[in-house]
Amino acid sequence: MEMSSRVPLTYSRKVLELFRNPKNLGKMEEANAEAMAGSLACGDMIAIYLKVEDGTERILDAKFESYGCAANIAAASTLTEMVKGKTLEEAWRISWRDISEDLGGLPSVKFHCGVLAVGAMRRAVRAYYKDKPQSEWLPKELTPEERQALEEEKLMEILERRVERIKAEG
Amino acid sequence: MTYSDLSRPMRELIESHGRPEREVYLDHENSGLIIPEALEAMIGAYREGGRGHPSITHRIGWISYQSLYEATSAISAALNCDTNELVHTHGGTEANNLAIIGSAMMEPRSRRKILLSSIEHLSVIFPAEWLGRYGFKVIKIPVDREGFIDLDTLSREVDKDTLMVSVAAVNHEIGTIQDLKAVGDIVKDRDEGVLIHTDACDALGRIPIDVKRLGVDLASFSSHKVYGPKGVGALYVKEGVKLEPILQGQLSTQKLWPGVENIPGIMGFSKALEMMHKHLDEYTKRMAKLRDRLIDGIMERVSHAVLNGPRGERRSPDNVNISFLYCEGEALTVELSMMGIYVSSGSACTSRVLEPSHVLLSIGRRYEEAHGSLLMKISPYNSDMEIDYVLEALPGAVDRIRSLSPIKP
């Protein structure tokens, strides 16, 4: 067993600060692209709202809502800061590692918070193109971050169904 | 990541968190305070009585033996067993491991079935599951919505192949006080040869414990759960019950635990237990009063809150466990920490694995209910004013965390 399993989670100053005073928190009524990733059952859920300028495809404003741990809230908050002013294509390229770095390093068991934030943002980007011609740079296949969000959601559905079944039998 | 890698960010985190003006410690599940008299006893032991090795033949050895013997006698007397029936361990986890693995190793060819309640502490479940990899059969007996073991299923599962039944006297998360007498009667009625083990770590200091009256063969105890030092525990092994040691390193075959006894720790444990038992009636009444004020106050003030575990006499006097829907538990513990209120949660996020508390799932809570759970354990040293402060601060903390969420009540 490695030593790390015996230490508490540590959060950087920035994670604690963003948890205390999150930036860009809240639902955005005028969003023209939005998406959710995760679920209440996984204990991790992020909603990303984007206001995108048509034509330039530049993100004018970004907001988030989050159900999850302190790292989850900080990851979503910092992501919204990072995407503001970027084009959708530039935003798409942000990885969970960028988020972790920007936060001063997430503990390894919290990497998935960064992954979920990126997954939610990429879903929002896809949502933007839903009724528009596909951009060339947008991958047809789901990226690992989007797949992970999907897998987490599916896994939880299976577990929940199992619990329901056990309850029904019991 | 190692301890040293974490040292710098941890210091930064502690600094930026700051020390709140007012602090209330309600995380006695995970340890915390030490009774001042126990600490004094330990300091004294390091200076004098506990310095030497208790099996060595010279003046210092004799003094150490005498100190160890006196502490052991006091603990045994408090539990109503003989000193020879008490094995010192490095804590409750080790006591549970010794009870389960030690008895399984004693009978490797015959009885191979281990029955546990589904809400046992992981230090009971994991050694049993570990034995499962070596041919033992582990069966988890379900519990009802308040955490009481299903006696019918238990009765059906006990047979001549059953090695042991392990049921905690008091559940560590939801405070359910099991009817161990009923468990014992059912099991022994089916087969006298089945060993009964109870993890009594969370029972000691909360309910009267008399190992003879509990009717068990093995019982685990932990010092820090009675506000003694950490790293000290004991296993009661009823006379005639045979165990294999799980740690090797002892010439004498009489001893189940090799190594030099932690005499100052054992003396601290003994003192803490003495203090708890001296005031048991007064302390448990006071804790139960604070517990009920806390539960009722939270239920009045916070919407979408669900109590986990039973109420009243059948709940441990120190235990408050409440799920707040639409409110993630880890975020809530960090929020409360910044208000100076220290508690824990059954959320997956706090546990470093992505599964929430198995205890809460076993009593039928949904995943989101388990993620939103808060565990508060009262000690006899908590005050009414501290409970007032928690009741004043908690609703706002829950509201703040709920306000962040995309799904609202």
# chains A, B, ... in the order shown; residues from 1 in each chain; ligands from 1
call {"tool": "residues_around", "arguments": {"residues": "segment 138-155 of chain B", "least_positions_apart": "4", "cutoff": "7 Å", "atoms": "only C-alpha atoms", "output": "MDAnalysis selection string"}}
result
chainID B and resid 113:118 128:129 132 176 178 183 186:187 309:310 362:364
call {"tool": "write_last_selection", "arguments": {"atoms": "C-alpha atoms", "output": "mmCIF file, in the first residue's frame"}}
result
data_model
loop_
_atom_site.group_PDB
_atom_site.id
_atom_site.type_symbol
_atom_site.label_atom_id
_atom_site.label_comp_id
_atom_site.auth_asym_id
_atom_site.auth_seq_id
_atom_site.Cartn_x
_atom_site.Cartn_y
_atom_site.Cartn_z
ATOM 1 C CA LYS B 113 -18.178 -19.920 6.374
ATOM 2 C CA ILE B 114 -18.022 -16.389 7.824
ATOM 3 C CA LEU B 115 -21.210 -14.414 8.394
ATOM 4 C CA LEU B 116 -21.156 -10.631 8.775
ATOM 5 C CA SER B 117 -23.767 -7.953 8.850
ATOM 6 C CA SER B 118 -23.680 -5.884 5.682
ATOM 7 C CA ALA B 128 -13.178 -11.576 5.841
ATOM 8 C CA GLU B 129 -13.066 -10.848 2.107
ATOM 9 C CA GLY B 132 -12.548 -15.301 0.828
ATOM 10 C CA THR B 176 -27.661 1.293 15.531
ATOM 11 C CA GLN B 178 -27.848 -4.320 17.885
ATOM 12 C CA VAL B 183 -27.926 -12.750 17.771
ATOM 13 C CA ILE B 186 -30.046 -17.668 17.562
ATOM 14 C CA VAL B 187 -26.533 -18.625 16.555
ATOM 15 C CA GLY B 309 -30.371 5.174 11.610
ATOM 16 C CA PRO B 310 -32.871 4.668 14.425
ATOM 17 C CA SER B 362 -27.173 -1.079 2.907
ATOM 18 C CA ILE B 363 -30.012 0.641 4.778
ATOM 19 C CA GLY B 364 -31.559 1.550 1.452
#
call {"tool": "select_by_dssp", "arguments": {"residues": "segment 25-242 of chain B", "states": "helix (DSSP H, G or I)", "output": "mmCIF file with C-alpha atoms, in the first residue's frame"}}
result
data_model
loop_
_atom_site.group_PDB
_atom_site.id
_atom_site.type_symbol
_atom_site.label_atom_id
_atom_site.label_comp_id
_atom_site.auth_asym_id
_atom_site.auth_seq_id
_atom_site.Cartn_x
_atom_site.Cartn_y
_atom_site.Cartn_z
ATOM 1 C CA HIS B 28 -15.212 11.878 17.172
ATOM 2 C CA GLU B 29 -15.864 9.085 14.689
ATOM 3 C CA ASN B 30 -12.433 9.827 13.291
ATOM 4 C CA PRO B 36 -6.852 15.116 30.164
ATOM 5 C CA GLU B 37 -6.464 12.484 32.889
ATOM 6 C CA ALA B 38 -5.525 9.893 30.237
ATOM 7 C CA LEU B 39 -2.928 12.231 28.782
ATOM 8 C CA GLU B 40 -1.480 12.810 32.261
ATOM 9 C CA ALA B 41 -1.298 9.061 32.829
ATOM 10 C CA MET B 42 0.590 8.670 29.550
ATOM 11 C CA ILE B 43 3.065 11.420 30.288
ATOM 12 C CA GLY B 44 3.703 9.855 33.677
ATOM 13 C CA ALA B 45 4.185 6.478 32.029
ATOM 14 C CA TYR B 46 6.773 7.805 29.575
ATOM 15 C CA ARG B 47 8.665 9.312 32.515
ATOM 16 C CA ARG B 59 14.238 -3.371 38.182
ATOM 17 C CA ILE B 60 13.022 -1.318 35.196
ATOM 18 C CA GLY B 61 11.485 -4.405 33.587
ATOM 19 C CA TRP B 62 9.658 -5.293 36.805
ATOM 20 C CA ILE B 63 8.272 -1.781 37.147
ATOM 21 C CA SER B 64 7.107 -1.902 33.532
ATOM 22 C CA TYR B 65 5.460 -5.259 34.057
ATOM 23 C CA GLN B 66 3.689 -3.980 37.138
ATOM 24 C CA SER B 67 2.404 -0.885 35.246
ATOM 25 C CA LEU B 68 1.243 -3.019 32.343
ATOM 26 C CA TYR B 69 -0.429 -5.478 34.675
ATOM 27 C CA GLU B 70 -2.281 -2.788 36.589
ATOM 28 C CA ALA B 71 -3.561 -1.137 33.400
ATOM 29 C CA THR B 72 -4.571 -4.504 31.930
ATOM 30 C CA SER B 73 -6.380 -5.453 35.148
ATOM 31 C CA ALA B 74 -8.290 -2.182 35.136
ATOM 32 C CA ILE B 75 -9.368 -2.619 31.506
ATOM 33 C CA SER B 76 -10.353 -6.254 32.083
ATOM 34 C CA ALA B 77 -12.316 -5.356 35.185
ATOM 35 C CA ALA B 78 -14.172 -2.622 33.266
ATOM 36 C CA LEU B 79 -15.116 -5.166 30.583
ATOM 37 C CA THR B 83 -6.717 -10.371 32.403
ATOM 38 C CA ASN B 84 -5.771 -13.545 30.517
ATOM 39 C CA GLU B 85 -8.727 -13.013 28.221
ATOM 40 C CA GLY B 92 -9.569 -1.599 16.753
ATOM 41 C CA THR B 93 -8.569 -2.471 13.202
ATOM 42 C CA GLU B 94 -5.927 -4.879 14.381
ATOM 43 C CA ALA B 95 -8.280 -6.380 16.968
ATOM 44 C CA ASN B 96 -10.852 -7.071 14.234
ATOM 45 C CA ASN B 97 -8.199 -8.570 11.957
ATOM 46 C CA LEU B 98 -6.882 -10.783 14.746
ATOM 47 C CA ALA B 99 -10.373 -11.962 15.671
ATOM 48 C CA ILE B 100 -11.319 -12.901 12.120
ATOM 49 C CA ILE B 101 -8.079 -14.079 10.553
ATOM 50 C CA GLY B 102 -6.826 -15.570 13.831
ATOM 51 C CA SER B 103 -9.871 -17.790 14.237
ATOM 52 C CA ALA B 104 -9.938 -18.767 10.558
ATOM 53 C CA MET B 105 -6.284 -19.874 10.699
ATOM 54 C CA MET B 106 -7.071 -22.040 13.724
ATOM 55 C CA LEU B 122 -14.246 -2.143 6.743
ATOM 56 C CA SER B 123 -11.732 -3.598 9.224
ATOM 57 C CA VAL B 124 -14.193 -6.494 9.618
ATOM 58 C CA ILE B 125 -15.338 -6.756 6.001
ATOM 59 C CA PHE B 126 -11.881 -6.601 4.429
ATOM 60 C CA PRO B 127 -10.140 -9.338 6.471
ATOM 61 C CA ALA B 128 -13.178 -11.576 5.841
ATOM 62 C CA GLU B 129 -13.066 -10.848 2.107
ATOM 63 C CA TRP B 130 -9.338 -11.444 2.152
ATOM 64 C CA LEU B 131 -10.014 -14.910 3.618
ATOM 65 C CA GLY B 132 -12.548 -15.301 0.828
ATOM 66 C CA LEU B 151 -32.299 -12.359 12.354
ATOM 67 C CA ASP B 152 -34.282 -14.719 10.108
ATOM 68 C CA THR B 153 -31.663 -14.637 7.371
ATOM 69 C CA LEU B 154 -28.950 -15.016 9.985
ATOM 70 C CA SER B 155 -30.679 -18.045 11.465
ATOM 71 C CA ARG B 156 -31.071 -19.631 8.013
ATOM 72 C CA GLU B 157 -27.399 -19.119 7.158
ATOM 73 C CA LEU B 180 -26.418 -9.022 20.473
ATOM 74 C CA LYS B 181 -28.119 -11.263 22.977
ATOM 75 C CA ALA B 182 -30.686 -12.215 20.341
ATOM 76 C CA VAL B 183 -27.926 -12.750 17.771
ATOM 77 C CA GLY B 184 -26.054 -14.994 20.223
ATOM 78 C CA ASP B 185 -29.120 -17.000 21.173
ATOM 79 C CA ILE B 186 -30.046 -17.668 17.562
ATOM 80 C CA VAL B 187 -26.533 -18.625 16.555
ATOM 81 C CA LYS B 188 -25.735 -20.830 19.550
ATOM 82 C CA ASP B 189 -29.129 -22.448 19.275
ATOM 83 C CA ARG B 190 -28.287 -23.548 15.742
ATOM 84 C CA VAL B 211 -18.512 -9.180 27.714
ATOM 85 C CA LYS B 212 -20.034 -11.994 29.761
ATOM 86 C CA ARG B 213 -23.532 -10.591 29.437
ATOM 87 C CA LEU B 214 -23.065 -9.877 25.735
ATOM 88 C CA HIS B 224 -9.318 6.464 20.837
ATOM 89 C CA LYS B 225 -13.049 5.820 20.637
ATOM 90 C CA VAL B 226 -13.191 6.278 24.417
#
call {"tool": "select_by_dssp", "arguments": {"residues": "segment 60-304 of chain B", "states": "strand (DSSP E)", "output": "tab-separated table (two decimals) with C-alpha atoms, in the first residue's frame"}}
result
chain	number	residue	atom	x	y	z
B	86	LEU	CA	-7.49	-9.61	27.03
B	87	VAL	CA	-5.03	-9.19	24.14
B	88	HIS	CA	-3.48	-5.79	23.58
B	89	THR	CA	-3.43	-4.65	19.96
B	113	LYS	CA	-18.18	-19.92	6.37
B	114	ILE	CA	-18.02	-16.39	7.82
B	115	LEU	CA	-21.21	-14.41	8.39
B	116	LEU	CA	-21.16	-10.63	8.78
B	117	SER	CA	-23.77	-7.95	8.85
B	137	LYS	CA	-17.13	-18.27	2.08
B	138	VAL	CA	-18.23	-14.81	3.23
B	139	ILE	CA	-21.93	-14.03	3.50
B	140	LYS	CA	-23.22	-10.57	4.32
B	141	ILE	CA	-26.48	-10.61	6.25
B	162	THR	CA	-20.07	-21.74	9.92
B	163	LEU	CA	-16.87	-20.57	11.57
B	164	MET	CA	-18.02	-17.28	12.95
B	165	VAL	CA	-20.64	-14.57	13.01
B	166	SER	CA	-19.46	-10.98	13.33
B	195	LEU	CA	-17.82	-18.22	17.29
B	196	ILE	CA	-19.50	-14.88	17.88
B	197	HIS	CA	-17.39	-11.79	17.36
B	198	THR	CA	-18.49	-8.25	17.98
B	199	ASP	CA	-16.72	-5.09	16.94
B	218	LEU	CA	-14.53	-12.29	20.80
B	219	ALA	CA	-14.91	-8.52	21.17
B	220	SER	CA	-12.80	-5.71	19.70
B	221	PHE	CA	-12.12	-2.42	21.46
B	222	SER	CA	-10.37	0.79	20.50
B	233	GLY	CA	-6.85	-1.34	21.28
B	234	ALA	CA	-7.72	-4.71	22.71
B	235	LEU	CA	-9.36	-7.98	21.80
B	236	TYR	CA	-11.36	-9.94	24.32
B	237	VAL	CA	-10.83	-13.65	23.71
call {"tool": "interface_residues", "arguments": {"of": "chain A", "to": "chain B", "cutoff": "7 Å", "atoms": "only C-alpha atoms", "output": "number ranges by chain"}}
result
A: 3-4, 10-13, 40-41, 43, 47, 65-70, 109
call {"tool": "atom_distance", "arguments": {"atom1": "atom CA of Ser383 of chain B", "atom2": "atom CA of Leu9 of chain A"}}
result
29.6 Å
call {"tool": "residues_around", "arguments": {"residues": "Lys51 of chain A", "least_positions_apart": "3", "cutoff": "6 Å", "atoms": "only C-alpha atoms", "output": "VMD selection string"}}
result
chain A and resid 31 to 32 59 to 61
call {"tool": "residues_around", "arguments": {"residues": "Arg93 of chain A", "least_positions_apart": "2", "cutoff": "12 Å", "atoms": "only C-alpha atoms", "output": "tab-separated table (two decimals) with N, CA and C atoms, in the first residue's frame"}}
result
chain	number	residue	atom	x	y	z
A	79	LEU	N	-12.52	26.66	-15.30
A	79	LEU	CA	-12.75	26.40	-16.72
A	79	LEU	C	-13.50	27.55	-17.37
A	82	MET	N	-11.20	30.26	-18.05
A	82	MET	CA	-10.26	29.97	-19.13
A	82	MET	C	-10.89	30.11	-20.52
A	83	VAL	N	-12.18	29.76	-20.65
A	83	VAL	CA	-12.77	29.76	-22.00
A	83	VAL	C	-13.23	31.15	-22.44
A	86	LYS	N	-12.12	33.03	-25.72
A	86	LYS	CA	-11.55	32.07	-26.69
A	86	LYS	C	-12.60	31.72	-27.74
A	87	THR	N	-12.11	31.29	-28.92
A	87	THR	CA	-13.05	30.73	-29.89
A	87	THR	C	-13.41	29.33	-29.43
A	88	LEU	N	-14.48	28.78	-30.01
A	88	LEU	CA	-14.90	27.44	-29.60
A	88	LEU	C	-13.79	26.43	-29.86
A	89	GLU	N	-13.08	26.65	-30.97
A	89	GLU	CA	-12.01	25.71	-31.31
A	89	GLU	C	-10.88	25.78	-30.27
A	90	GLU	N	-10.55	26.98	-29.86
A	90	GLU	CA	-9.49	27.14	-28.83
A	90	GLU	C	-9.95	26.53	-27.49
A	91	ALA	N	-11.21	26.80	-27.18
A	91	ALA	CA	-11.74	26.26	-25.91
A	91	ALA	C	-11.71	24.74	-25.93
A	95	SER	N	-7.44	21.01	-21.89
A	95	SER	CA	-7.50	19.65	-21.34
A	95	SER	C	-7.66	19.69	-19.83
A	96	TRP	N	-7.96	18.55	-19.25
A	96	TRP	CA	-8.11	18.51	-17.78
A	96	TRP	C	-6.79	18.82	-17.11
A	97	ARG	N	-5.67	18.53	-17.79
A	97	ARG	CA	-4.36	18.85	-17.21
A	97	ARG	C	-4.18	20.36	-17.09
A	98	ASP	N	-4.70	21.09	-18.12
A	98	ASP	CA	-4.62	22.57	-18.06
A	98	ASP	C	-5.36	23.09	-16.84
A	99	ILE	N	-6.51	22.46	-16.58
A	99	ILE	CA	-7.33	22.89	-15.44
A	99	ILE	C	-6.59	22.61	-14.14
A	118	VAL	N	-14.16	19.49	-18.37
A	118	VAL	CA	-13.86	19.52	-19.81
A	118	VAL	C	-14.94	18.78	-20.59
A	119	GLY	N	-15.37	17.64	-20.03
A	119	GLY	CA	-16.43	16.86	-20.69
A	119	GLY	C	-17.69	17.70	-20.86
A	121	MET	N	-17.93	21.00	-20.90
A	121	MET	CA	-17.68	22.10	-21.84
A	121	MET	C	-17.74	21.58	-23.28
A	122	ARG	N	-17.12	20.43	-23.55
A	122	ARG	CA	-17.13	19.90	-24.93
A	122	ARG	C	-18.54	19.51	-25.37
A	125	VAL	N	-20.10	22.68	-26.44
A	125	VAL	CA	-19.62	23.07	-27.77
A	125	VAL	C	-20.37	22.28	-28.85
A	137	TRP	N	-12.88	21.16	-37.58
A	137	TRP	CA	-11.99	20.77	-36.48
A	137	TRP	C	-12.67	19.93	-35.42
A	138	LEU	N	-13.99	19.91	-35.43
A	138	LEU	CA	-14.72	19.21	-34.37
A	138	LEU	C	-14.70	17.70	-34.63
A	139	PRO	N	-14.08	16.93	-33.71
A	139	PRO	CA	-13.98	15.48	-33.96
A	139	PRO	C	-15.37	14.83	-33.98
A	143	THR	N	-14.45	12.43	-27.51
A	143	THR	CA	-13.09	12.48	-26.94
A	143	THR	C	-13.11	11.74	-25.59
A	145	GLU	N	-12.57	12.66	-22.62
A	145	GLU	CA	-13.26	13.38	-21.53
A	145	GLU	C	-14.78	13.20	-21.64
call {"tool": "closest_residue", "arguments": {"among": "B:Leu33, B:Leu394, B:Ile378, B:Leu256", "to": "Ser303 of chain B", "atoms": "only C-alpha atoms"}}
result
B:Leu394
call {"tool": "atom_distance", "arguments": {"atom1": "atom CA of Ile322 of chain B", "atom2": "atom CA of Ile73 of chain A"}}
result
22.6 Å
call {"tool": "residues_around", "arguments": {"residues": "Ala124 of chain A", "least_positions_apart": "2", "cutoff": "9 Å", "atoms": "only C-alpha atoms", "output": "NGL selection string"}}
result
:A and (33-36 or 47-50 or 119-122 or 126-129)
call {"tool": "closest_residue", "arguments": {"among": "B:His90, B:Arg19, B:Arg51, B:Arg293", "to": "Leu247 of chain B", "atoms": "only C-alpha atoms"}}
result
B:His90
call {"tool": "atom_distance", "arguments": {"atom1": "atom CA of Ala169 of chain B", "atom2": "atom CA of Ala203 of chain B"}}
result
6.0 Å
call {"tool": "closest_residue", "arguments": {"among": "B:Ile387, B:Val170, B:Ile263, B:Val306", "to": "Lys289 of chain B", "atoms": "only C-alpha atoms"}}
result
B:Ile387
